[in-house]
$ cat upload08.pdb   # PDB, C-alpha atoms
ATOM      1  CA  MET A   5      21.028  -2.324   0.914
ATOM      2  CA  SER A   6      18.582  -4.272   3.068
ATOM      3  CA  PRO A   7      15.185  -5.436   1.781
ATOM      4  CA  ILE A   8      13.375  -3.056   4.146
ATOM      5  CA  GLN A   9      15.441  -0.098   2.905
ATOM      6  CA  ILE A  10      14.455  -1.038  -0.649
ATOM      7  CA  GLN A  11      10.785  -1.257   0.368
ATOM      8  CA  PHE A  12      10.963   2.184   1.963
ATOM      9  CA  LEU A  13      12.552   3.722  -1.134
ATOM     10  CA  VAL A  14       9.930   2.210  -3.423
ATOM     11  CA  ALA A  15       7.060   3.242  -1.110
ATOM     12  CA  LEU A  16       8.310   6.824  -0.993
ATOM     13  CA  VAL A  17       8.706   7.064  -4.773
ATOM     14  CA  CYS A  18       5.409   5.309  -5.582
ATOM     15  CA  GLN A  19       3.329   7.482  -3.247
ATOM     16  CA  PRO A  20       5.152  10.827  -3.084
ATOM     17  CA  GLU A  21       1.934  12.691  -2.258
ATOM     18  CA  LYS A  22       1.764  10.945   1.122
ATOM     19  CA  GLN A  23       3.270  12.666   4.125
ATOM     20  CA  TRP A  24       5.505   9.734   5.051
ATOM     21  CA  THR A  25       6.723   9.634   8.646
ATOM     22  CA  VAL A  26       8.559   7.066  10.752
ATOM     23  CA  GLY A  27       5.254   6.157  12.420
ATOM     24  CA  LEU A  28       3.412   5.693   9.131
ATOM     25  CA  LEU A  29       6.152   3.434   7.734
ATOM     26  CA  ALA A  30       6.230   1.468  10.998
ATOM     27  CA  GLN A  31       2.476   0.956  10.818
ATOM     28  CA  ARG A  32       2.493   0.088   7.106
ATOM     29  CA  TYR A  33       5.245  -2.528   7.416
ATOM     30  CA  ASN A  34       4.383  -3.752  10.918
ATOM     31  CA  LEU A  35       7.758  -2.722  12.324
ATOM     32  CA  THR A  36       8.805  -0.870  15.439
ATOM     33  CA  PRO A  37       9.592   2.837  15.044
ATOM     34  CA  ALA A  38      13.152   2.074  16.177
ATOM     35  CA  THR A  39      13.638  -0.464  13.374
ATOM     36  CA  VAL A  40      12.239   1.983  10.831
ATOM     37  CA  SER A  41      14.389   4.795  12.161
ATOM     38  CA  ASP A  42      17.545   2.663  11.898
ATOM     39  CA  ALA A  43      16.782   1.798   8.264
ATOM     40  CA  LEU A  44      16.016   5.438   7.469
ATOM     41  CA  THR A  45      19.244   6.600   9.096
ATOM     42  CA  ALA A  46      21.155   4.214   6.820
ATOM     43  CA  LEU A  47      19.327   5.668   3.786
ATOM     44  CA  GLU A  48      20.038   9.184   5.015
ATOM     45  CA  ASN A  49      23.736   8.349   5.442
ATOM     46  CA  LYS A  50      23.758   7.138   1.829
ATOM     47  CA  GLU A  51      22.211  10.509   0.861
ATOM     48  CA  LEU A  52      19.098   8.810  -0.534
ATOM     49  CA  LEU A  53      16.643  10.210   2.026
ATOM     50  CA  VAL A  54      15.911  13.664   3.415
ATOM     51  CA  ARG A  55      14.090  14.386   6.673
ATOM     52  CA  THR A  56      12.348  17.748   7.058
ATOM     53  CA  ARG A  57       9.980  19.273   9.596
ATOM     54  CA  SER A  58       6.344  19.448   8.558
ATOM     55  CA  GLU A  59       5.098  22.948   7.892
ATOM     56  CA  ASP A  60       1.751  22.048   9.519
ATOM     57  CA  ASN A  61       3.260  20.589  12.688
ATOM     58  CA  LYS A  62       6.896  21.325  13.518
ATOM     59  CA  ARG A  63       7.050  18.228  15.774
ATOM     60  CA  THR A  64       6.433  15.954  12.789
ATOM     61  CA  VAL A  65       9.356  14.854  10.631
ATOM     62  CA  VAL A  66       8.390  14.204   7.001
ATOM     63  CA  LEU A  67      10.413  11.839   4.835
ATOM     64  CA  SER A  68      11.247  12.397   1.187
ATOM     65  CA  LEU A  69      13.771  11.082  -1.284
ATOM     66  CA  SER A  70      16.770  12.952  -2.576
ATOM     67  CA  THR A  71      17.258  13.159  -6.332
ATOM     68  CA  GLU A  72      19.587  10.153  -6.159
ATOM     69  CA  GLY A  73      17.090   8.341  -3.903
ATOM     70  CA  LYS A  74      14.316   8.858  -6.466
ATOM     71  CA  ARG A  75      16.530   7.599  -9.282
ATOM     72  CA  LEU A  76      17.514   4.473  -7.365
ATOM     73  CA  ALA A  77      13.954   3.839  -6.150
ATOM     74  CA  ARG A  78      12.599   4.027  -9.715
ATOM     75  CA  LYS A  79      15.268   1.580 -10.831
ATOM     76  CA  LEU A  80      14.511  -0.793  -7.944
ATOM     77  CA  GLY A  81      10.766  -0.489  -8.546
ATOM     78  CA  ALA A  82      11.041  -1.095 -12.291
ATOM     79  CA  TRP A  83       9.606  -4.581 -11.856
ATOM     80  CA  LEU A  84       6.289  -2.860 -11.118
ATOM     81  CA  ASN A  85       6.278  -1.392 -14.620
ATOM     82  CA  THR A  86       6.944  -4.813 -16.117
ATOM     83  CA  LEU A  87       4.147  -6.323 -14.039
ATOM     84  CA  GLN A  88       1.763  -3.529 -15.031
ATOM     85  CA  GLN A  89       2.627  -4.030 -18.688
ATOM     86  CA  HIS A  90       1.851  -7.745 -18.565
ATOM     87  CA  VAL A  91      -1.356  -7.229 -16.604
ATOM     88  CA  SER A  92      -2.480  -4.555 -19.072
ATOM     89  CA  GLU A  93      -2.205  -7.168 -21.828
ATOM     90  CA  LEU A  94      -4.858  -9.340 -20.141
ATOM     91  CA  ASP A  95      -8.373  -9.136 -21.539
ATOM     92  CA  ASP A  96     -11.075  -7.215 -19.664
ATOM     93  CA  GLU A  97     -12.583 -10.396 -18.208
ATOM     94  CA  ALA A  98      -9.281 -11.684 -16.805
ATOM     95  CA  LYS A  99      -8.194  -8.485 -15.002
ATOM     96  CA  PRO A 100     -10.957  -8.431 -12.344
ATOM     97  CA  LEU A 101     -10.512 -12.168 -11.785
ATOM     98  CA  LEU A 102      -6.768 -11.728 -11.261
ATOM     99  CA  LEU A 103      -7.342  -8.837  -8.846
ATOM    100  CA  ALA A 104      -9.955 -10.739  -6.841
ATOM    101  CA  SER A 105      -7.697 -13.812  -6.697
ATOM    102  CA  LEU A 106      -4.694 -11.805  -5.535
ATOM    103  CA  MET A 107      -6.756 -10.016  -2.888
ATOM    104  CA  HIS A 108      -8.082 -13.361  -1.654
ATOM    105  CA  LEU A 109      -4.503 -14.635  -1.281
ATOM    106  CA  ILE A 110      -3.380 -11.464   0.483
ATOM    107  CA  ALA A 111      -6.333 -11.702   2.899
ATOM    108  CA  ALA A 112      -5.507 -15.365   3.593
ATOM    109  CA  PHE A 113      -1.828 -14.541   4.219
ATOM    110  CA  GLU A 114      -2.918 -11.751   6.526
ATOM    111  CA  LYS A 115      -5.331 -14.010   8.427
ATOM    112  CA  ASP A 116      -2.547 -16.593   8.860
ATOM    113  CA  GLY A 117      -0.260 -13.868  10.253
ATOM    114  CA  LEU A 118       2.215 -14.088   7.379
ATOM    115  CA  ILE A 119       1.832 -10.413   6.442
ATOM    116  CA  SER A 120       0.609  -7.325   8.256
ATOM    117  CA  THR A 121      -2.674  -5.567   7.677
ATOM    118  CA  THR A 122      -3.147  -3.996   4.296
ATOM    119  CA  HIS A 123      -5.723  -1.388   3.403
ATOM    120  CA  MET A 124      -7.639  -3.504   0.934
ATOM    121  CA  CYS A 125     -11.344  -4.141   0.595
ATOM    122  CA  ALA A 126     -11.176  -7.807   1.633
ATOM    123  CA  ALA A 127      -9.847  -6.866   5.093
ATOM    124  CA  CYS A 128     -12.118  -3.827   5.631
ATOM    125  CA  THR A 129     -15.040  -3.563   8.018
ATOM    126  CA  TYR A 130     -17.074  -1.773   5.335
ATOM    127  CA  PHE A 131     -16.649  -4.513   2.710
ATOM    128  CA  ARG A 132     -19.679  -6.689   1.945
ATOM    129  CA  PRO A 133     -18.577  -9.358  -0.564
ATOM    130  CA  ASN A 134     -21.237 -10.629  -2.952
ATOM    131  CA  ALA A 135     -23.980  -8.539  -1.345
ATOM    132  CA  HIS A 136     -25.521  -8.106  -4.798
ATOM    133  CA  PRO A 137     -25.108 -11.542  -6.443
ATOM    134  CA  ASN A 138     -25.666 -12.083 -10.153
ATOM    135  CA  THR A 139     -24.951  -8.431 -10.998
ATOM    136  CA  SER A 140     -21.982  -6.678 -12.587
ATOM    137  CA  LYS A 141     -21.359  -4.993  -9.217
ATOM    138  CA  PRO A 142     -21.723  -7.802  -6.679
ATOM    139  CA  HIS A 143     -19.852  -6.228  -3.745
ATOM    140  CA  HIS A 144     -20.968  -3.390  -1.487
ATOM    141  CA  CYS A 145     -19.009  -0.708   0.386
ATOM    142  CA  ALA A 146     -20.894   0.318   3.515
ATOM    143  CA  TYR A 147     -18.701   3.416   3.891
ATOM    144  CA  ILE A 148     -19.917   5.002   0.652
ATOM    145  CA  ASP A 149     -23.078   2.837   0.564
ATOM    146  CA  LYS A 150     -22.594   1.764  -3.051
ATOM    147  CA  PRO A 151     -22.180  -1.488  -4.956
ATOM    148  CA  PHE A 152     -19.025  -2.135  -6.969
ATOM    149  CA  GLY A 153     -17.424  -4.826  -9.116
ATOM    150  CA  ASP A 154     -14.196  -6.808  -8.919
ATOM    151  CA  ALA A 155     -12.424  -4.302 -11.162
ATOM    152  CA  GLU A 156     -13.031  -1.610  -8.539
ATOM    153  CA  LEU A 157     -11.575  -3.517  -5.578
ATOM    154  CA  ARG A 158      -8.943  -1.441  -3.815
ATOM    155  CA  ILE A 159      -5.651  -2.467  -2.300
ATOM    156  CA  ASP A 160      -4.805   0.827  -0.569
ATOM    157  CA  CYS A 161      -8.048   2.598   0.353
ATOM    158  CA  PRO A 162      -7.860   5.869   2.301
ATOM    159  CA  ASP A 163     -11.164   5.030   4.065
ATOM    160  CA  PHE A 164     -10.027   1.564   5.207
ATOM    161  CA  GLN A 165     -11.005   0.395   8.686
ATOM    162  CA  GLU A 166      -9.704  -2.997   9.766
ATOM    163  CA  ALA A 167     -12.448  -5.576  10.186
ATOM    164  CA  ASP A 168     -12.783  -7.312  13.546
ATOM    165  CA  VAL A 169     -11.930 -10.772  12.269
ATOM    166  CA  PRO A 170     -10.247 -13.336  14.486
ATOM    167  CA  LYS A 171      -6.757 -14.024  13.200
TER     168      LYS A 171
END
$ encode --input "upload08.pdb" --output "structure tokens"
Amino acid sequence: MSPIQIQFLVALVCQPEKQWTVGLLAQRYNLTPATVSDALTALENKELLVRTRSEDNKRTVVLSLSTEGKRLARKLGAWLNTLQQHVSELDDEAKPLLLASLMHLIAAFEKDGLISTTHMCAACTYFRPNAHPNTSKPHHCAYIDKPFGDAELRIDCPDFQEADVPK
């Protein structure tokens, strides 16, 4: 199984509430729809993926995992549980620092063109870092017009709008 097929399986099992489509996966992973479609066809041939027509729009094909696909995806994504366990063992002061540090690295990788756009605060047009210094909620979200702290930084925000930052 290719790395991109594994990523697709894990994405579909981790966010089953999303109406995953070829276009959404292509956008998320910065791939062409043809590349995504080829990987999905391989998963479908292995009986790990099911394509169905959306009830809202019959032209839209929605992706979901078969029972075997869910089982395999959970097994492949098990490292996430291990990571979550170790992070949960950190004290309350270390968790926000770790999150902020990771988001800084992701933003830097994105700026350098090493990864595609994510939907995290640090890359969002609404994000105002350290707008409220010396407070427990130093950052500000212009979308909801509220301050928030490092522990509330998001990696996959539904209201994300990419900032116009030269890359």
$ closest_residue --input "upload08.pdb" --among "A:Ile159, A:Val66, A:Ala104, A:Leu109" --to "Cys125 of chain A" --atoms "all atoms listed in the file"
A:Ile159
$ closest_residue --input "upload08.pdb" --among "A:Gly27, A:Gly73, A:Pro137, A:Pro162" --to "His123 of chain A" --atoms "only C-alpha atoms"
A:Pro162
$ closest_residue --input "upload08.pdb" --among "A:Ala43, A:Leu118, A:Ile148, A:Ile10" --to "Leu76 of chain A" --atoms "all atoms listed in the file"
A:Ile10
$ atom_distance --input "upload08.pdb" --atom1 "atom CA of Pro100 of chain A" --atom2 "atom CA of Leu29 of chain A"
28.9 Å
$ axis_aligned_box --input "upload08.pdb" --around "segment 143-162 of chain A" --padding-each-side "6 Å" --output "AutoDock Vina command-line options"
--center_x -13.9 --center_y -0.5 --center_z -3.6 --size_x 30.3 --size_y 24.7 --size_z 27.1
$ resolve_selection --input "upload08.pdb" --expression "the PyMOL selection byres ((chain A and resi 141) around 12)" --output "VMD selection string"
chain A and resid 100 132 to 140 142 to 145 150 to 157
$ atom_distance --input "upload08.pdb" --atom1 "atom CA of Met124 of chain A" --atom2 "atom CA of Ala30 of chain A"
17.8 Å
$ atom_distance --input "upload08.pdb" --atom1 "atom CA of Ala126 of chain A" --atom2 "atom CA of Thr39 of chain A"
28.4 Å
$ resolve_selection --input "upload08.pdb" --expression "the PyMOL selection byres ((chain A and resi 70) around 6)" --output "list in words"
Leu52, Leu53, Leu69, Thr71, Glu72 and Gly73 of chain A
$ resolve_selection --input "upload08.pdb" --expression "the PyMOL selection byres ((chain A and resi 111) around 10)" --output "VMD selection string"
chain A and resid 105 to 110 112 to 122 124 to 127
$ write_last_selection --input "upload08.pdb" --atoms "C-alpha atoms" --output "PDB file, in the coordinates of the input"
ATOM      1  CA  SER A 105      -7.697 -13.812  -6.697  1.00  0.00           C
ATOM      2  CA  LEU A 106      -4.694 -11.805  -5.535  1.00  0.00           C
ATOM      3  CA  MET A 107      -6.756 -10.016  -2.888  1.00  0.00           C
ATOM      4  CA  HIS A 108      -8.082 -13.361  -1.654  1.00  0.00           C
ATOM      5  CA  LEU A 109      -4.503 -14.635  -1.281  1.00  0.00           C
ATOM      6  CA  ILE A 110      -3.380 -11.464   0.483  1.00  0.00           C
ATOM      7  CA  ALA A 112      -5.507 -15.365   3.593  1.00  0.00           C
ATOM      8  CA  PHE A 113      -1.828 -14.541   4.219  1.00  0.00           C
ATOM      9  CA  GLU A 114      -2.918 -11.751   6.526  1.00  0.00           C
ATOM     10  CA  LYS A 115      -5.331 -14.010   8.427  1.00  0.00           C
ATOM     11  CA  ASP A 116      -2.547 -16.593   8.860  1.00  0.00           C
ATOM     12  CA  GLY A 117      -0.260 -13.868  10.253  1.00  0.00           C
ATOM     13  CA  LEU A 118       2.215 -14.088   7.379  1.00  0.00           C
ATOM     14  CA  ILE A 119       1.832 -10.413   6.442  1.00  0.00           C
ATOM     15  CA  SER A 120       0.609  -7.325   8.256  1.00  0.00           C
ATOM     16  CA  THR A 121      -2.674  -5.567   7.677  1.00  0.00           C
ATOM     17  CA  THR A 122      -3.147  -3.996   4.296  1.00  0.00           C
ATOM     18  CA  MET A 124      -7.639  -3.504   0.934  1.00  0.00           C
ATOM     19  CA  CYS A 125     -11.344  -4.141   0.595  1.00  0.00           C
ATOM     20  CA  ALA A 126     -11.176  -7.807   1.633  1.00  0.00           C
ATOM     21  CA  ALA A 127      -9.847  -6.866   5.093  1.00  0.00           C
TER      22      ALA A 127
END
$ residues_near_point --input "upload08.pdb" --point "(2.6, 10.6, 5.4)" --cutoff "12 Å" --atoms "all atoms listed in the file" --output "list of chain:residue names"
A:Ala15, A:Leu16, A:Gln19, A:Pro20, A:Glu21, A:Lys22, A:Gln23, A:Trp24, A:Thr25, A:Val26, A:Gly27, A:Leu28, A:Leu29, A:Ala30, A:Gln31, A:Arg32, A:Ser58, A:Thr64, A:Val65, A:Val66, A:Leu67, A:Ser68, A:Pro162
$ residues_around --input "upload08.pdb" --residues "segment 77-81 of chain A" --least-positions-apart "4" --cutoff "7 Å" --atoms "all atoms listed in the file" --output "ChimeraX atom specification"
/A:13-14,17,73
$ closest_residue --input "upload08.pdb" --among "A:Gln89, A:Thr36, A:Ser6, A:Thr129" --to "Asp163 of chain A" --atoms "only C-alpha atoms"
A:Thr129
$ decode --input "upload08.pdb" --residues "segment 17-156 of chain A" --atoms "C-alpha atoms" --output "mmCIF file, in the first residue's frame"
data_model
loop_
_atom_site.group_PDB
_atom_site.id
_atom_site.type_symbol
_atom_site.label_atom_id
_atom_site.label_comp_id
_atom_site.auth_asym_id
_atom_site.auth_seq_id
_atom_site.Cartn_x
_atom_site.Cartn_y
_atom_site.Cartn_z
ATOM 1 C CA VAL A 17 -11.415 7.072 9.591
ATOM 2 C CA CYS A 18 -10.306 10.048 11.714
ATOM 3 C CA GLN A 19 -12.906 12.431 10.279
ATOM 4 C CA PRO A 20 -15.840 10.225 9.247
ATOM 5 C CA GLU A 21 -18.312 13.094 9.659
ATOM 6 C CA LYS A 22 -16.732 14.909 6.707
ATOM 7 C CA GLN A 23 -18.217 14.414 3.273
ATOM 8 C CA TRP A 24 -14.938 13.322 1.691
ATOM 9 C CA THR A 25 -14.711 13.662 -2.083
ATOM 10 C CA VAL A 26 -11.901 13.325 -4.611
ATOM 11 C CA GLY A 27 -11.694 17.126 -4.801
ATOM 12 C CA LEU A 28 -11.497 17.574 -1.034
ATOM 13 C CA LEU A 29 -8.713 14.984 -0.714
ATOM 14 C CA ALA A 30 -6.865 16.572 -3.646
ATOM 15 C CA GLN A 31 -7.081 19.974 -1.982
ATOM 16 C CA ARG A 32 -6.118 18.659 1.464
ATOM 17 C CA TYR A 33 -3.031 16.799 0.229
ATOM 18 C CA ASN A 34 -2.099 19.186 -2.589
ATOM 19 C CA LEU A 35 -2.500 16.510 -5.255
ATOM 20 C CA THR A 36 -4.206 16.448 -8.618
ATOM 21 C CA PRO A 37 -7.679 14.885 -8.748
ATOM 22 C CA ALA A 38 -6.278 12.274 -11.147
ATOM 23 C CA THR A 39 -3.612 11.210 -8.638
ATOM 24 C CA VAL A 40 -6.208 11.004 -5.874
ATOM 25 C CA SER A 41 -8.591 9.065 -8.079
ATOM 26 C CA ASP A 42 -5.884 6.524 -8.970
ATOM 27 C CA ALA A 43 -5.075 5.941 -5.290
ATOM 28 C CA LEU A 44 -8.771 5.630 -4.440
ATOM 29 C CA THR A 45 -9.336 3.149 -7.258
ATOM 30 C CA ALA A 46 -6.561 0.983 -5.799
ATOM 31 C CA LEU A 47 -8.250 1.156 -2.367
ATOM 32 C CA GLU A 48 -11.598 0.339 -3.949
ATOM 33 C CA ASN A 49 -10.079 -2.661 -5.751
ATOM 34 C CA LYS A 50 -8.781 -3.878 -2.381
ATOM 35 C CA GLU A 51 -12.357 -3.503 -1.052
ATOM 36 C CA LEU A 52 -11.250 -0.933 1.535
ATOM 37 C CA LEU A 53 -13.170 2.020 0.077
ATOM 38 C CA VAL A 54 -16.740 2.576 -1.083
ATOM 39 C CA ARG A 55 -17.895 5.363 -3.398
ATOM 40 C CA THR A 56 -21.539 6.448 -3.234
ATOM 41 C CA ARG A 57 -23.565 9.290 -4.712
ATOM 42 C CA SER A 58 -24.407 12.119 -2.341
ATOM 43 C CA GLU A 59 -28.061 12.317 -1.414
ATOM 44 C CA ASP A 60 -27.870 16.138 -1.551
ATOM 45 C CA ASN A 61 -26.242 16.306 -4.982
ATOM 46 C CA LYS A 62 -26.287 13.224 -7.207
ATOM 47 C CA ARG A 63 -23.286 14.559 -9.186
ATOM 48 C CA THR A 64 -21.087 14.365 -6.089
ATOM 49 C CA VAL A 65 -19.382 11.093 -5.199
ATOM 50 C CA VAL A 66 -18.824 10.653 -1.453
ATOM 51 C CA LEU A 67 -16.051 8.424 -0.141
ATOM 52 C CA SER A 68 -16.331 6.130 2.856
ATOM 53 C CA LEU A 69 -14.482 3.134 4.200
ATOM 54 C CA SER A 70 -15.701 -0.425 4.118
ATOM 55 C CA THR A 71 -15.700 -2.384 7.366
ATOM 56 C CA GLU A 72 -12.308 -3.844 6.443
ATOM 57 C CA GLY A 73 -11.077 -0.367 5.440
ATOM 58 C CA LYS A 74 -12.045 1.020 8.857
ATOM 59 C CA ARG A 75 -10.301 -1.845 10.638
ATOM 60 C CA LEU A 76 -7.101 -1.384 8.646
ATOM 61 C CA ALA A 77 -7.200 2.417 8.957
ATOM 62 C CA ARG A 78 -7.542 2.193 12.754
ATOM 63 C CA LYS A 79 -4.595 -0.186 12.854
ATOM 64 C CA LEU A 80 -2.498 2.081 10.617
ATOM 65 C CA GLY A 81 -3.500 5.154 12.624
ATOM 66 C CA ALA A 82 -2.743 3.544 15.986
ATOM 67 C CA TRP A 83 0.387 5.664 16.322
ATOM 68 C CA LEU A 84 -1.961 8.614 16.860
ATOM 69 C CA ASN A 85 -3.301 6.966 20.008
ATOM 70 C CA THR A 86 0.227 6.421 21.292
ATOM 71 C CA LEU A 87 1.108 10.041 20.555
ATOM 72 C CA GLN A 88 -2.063 11.268 22.263
ATOM 73 C CA GLN A 89 -1.298 9.143 25.307
ATOM 74 C CA HIS A 90 2.193 10.590 25.684
ATOM 75 C CA VAL A 91 1.011 14.150 25.115
ATOM 76 C CA SER A 92 -1.756 13.684 27.690
ATOM 77 C CA GLU A 93 0.941 12.842 30.243
ATOM 78 C CA LEU A 94 2.511 16.302 29.842
ATOM 79 C CA ASP A 95 1.675 18.875 32.495
ATOM 80 C CA ASP A 96 -0.784 21.682 31.737
ATOM 81 C CA GLU A 97 2.002 24.213 31.150
ATOM 82 C CA ALA A 98 3.861 22.038 28.629
ATOM 83 C CA LYS A 99 0.879 21.169 26.387
ATOM 84 C CA PRO A 100 0.216 24.692 25.027
ATOM 85 C CA LEU A 101 3.951 25.216 24.525
ATOM 86 C CA LEU A 102 4.226 21.973 22.554
ATOM 87 C CA LEU A 103 1.208 22.897 20.417
ATOM 88 C CA ALA A 104 2.512 26.395 19.695
ATOM 89 C CA SER A 105 5.957 25.000 18.829
ATOM 90 C CA LEU A 106 4.533 22.379 16.484
ATOM 91 C CA MET A 107 2.303 24.941 14.773
ATOM 92 C CA HIS A 108 5.293 27.250 14.326
ATOM 93 C CA LEU A 109 7.221 24.418 12.643
ATOM 94 C CA ILE A 110 4.275 23.506 10.424
ATOM 95 C CA ALA A 111 3.869 27.160 9.375
ATOM 96 C CA ALA A 112 7.600 27.381 8.596
ATOM 97 C CA PHE A 113 7.483 24.163 6.536
ATOM 98 C CA GLU A 114 4.468 25.528 4.707
ATOM 99 C CA LYS A 115 6.164 28.874 4.019
ATOM 100 C CA ASP A 116 9.221 27.027 2.658
ATOM 101 C CA GLY A 117 6.949 25.006 0.346
ATOM 102 C CA LEU A 118 7.725 21.688 2.026
ATOM 103 C CA ILE A 119 4.074 20.970 2.854
ATOM 104 C CA SER A 120 0.757 22.204 1.515
ATOM 105 C CA THR A 121 -1.583 24.596 3.246
ATOM 106 C CA THR A 122 -3.117 23.393 6.459
ATOM 107 C CA HIS A 123 -6.145 24.866 8.161
ATOM 108 C CA MET A 124 -4.366 26.015 11.286
ATOM 109 C CA CYS A 125 -4.445 29.334 13.082
ATOM 110 C CA ALA A 126 -0.847 30.282 12.245
ATOM 111 C CA ALA A 127 -1.616 30.274 8.499
ATOM 112 C CA CYS A 128 -5.050 31.956 8.745
ATOM 113 C CA THR A 129 -5.941 35.476 7.685
ATOM 114 C CA TYR A 130 -8.011 35.910 10.858
ATOM 115 C CA PHE A 131 -5.164 35.009 13.238
ATOM 116 C CA ARG A 132 -3.591 37.843 15.238
ATOM 117 C CA PRO A 133 -0.688 36.365 17.243
ATOM 118 C CA ASN A 134 0.116 38.056 20.543
ATOM 119 C CA ALA A 135 -2.509 40.763 20.039
ATOM 120 C CA HIS A 136 -3.130 40.706 23.794
ATOM 121 C CA PRO A 137 0.368 40.334 25.313
ATOM 122 C CA ASN A 138 0.900 39.474 28.967
ATOM 123 C CA THR A 139 -2.519 37.810 29.281
ATOM 124 C CA SER A 140 -3.620 34.182 29.489
ATOM 125 C CA LYS A 141 -5.252 34.633 26.066
ATOM 126 C CA PRO A 142 -2.641 36.490 24.016
ATOM 127 C CA HIS A 143 -3.910 35.668 20.509
ATOM 128 C CA HIS A 144 -6.975 37.027 18.732
ATOM 129 C CA CYS A 145 -9.283 35.499 16.110
ATOM 130 C CA ALA A 146 -10.744 38.234 13.925
ATOM 131 C CA TYR A 147 -13.371 35.827 12.565
ATOM 132 C CA ILE A 148 -15.066 35.344 15.939
ATOM 133 C CA ASP A 149 -13.549 38.560 17.368
ATOM 134 C CA LYS A 150 -12.297 36.902 20.550
ATOM 135 C CA PRO A 151 -8.972 36.391 22.300
ATOM 136 C CA PHE A 152 -7.671 32.881 22.943
ATOM 137 C CA GLY A 153 -4.660 31.103 24.420
ATOM 138 C CA ASP A 154 -2.100 28.650 23.071
ATOM 139 C CA ALA A 155 -4.151 25.700 24.312
ATOM 140 C CA GLU A 156 -6.985 26.772 22.008
#
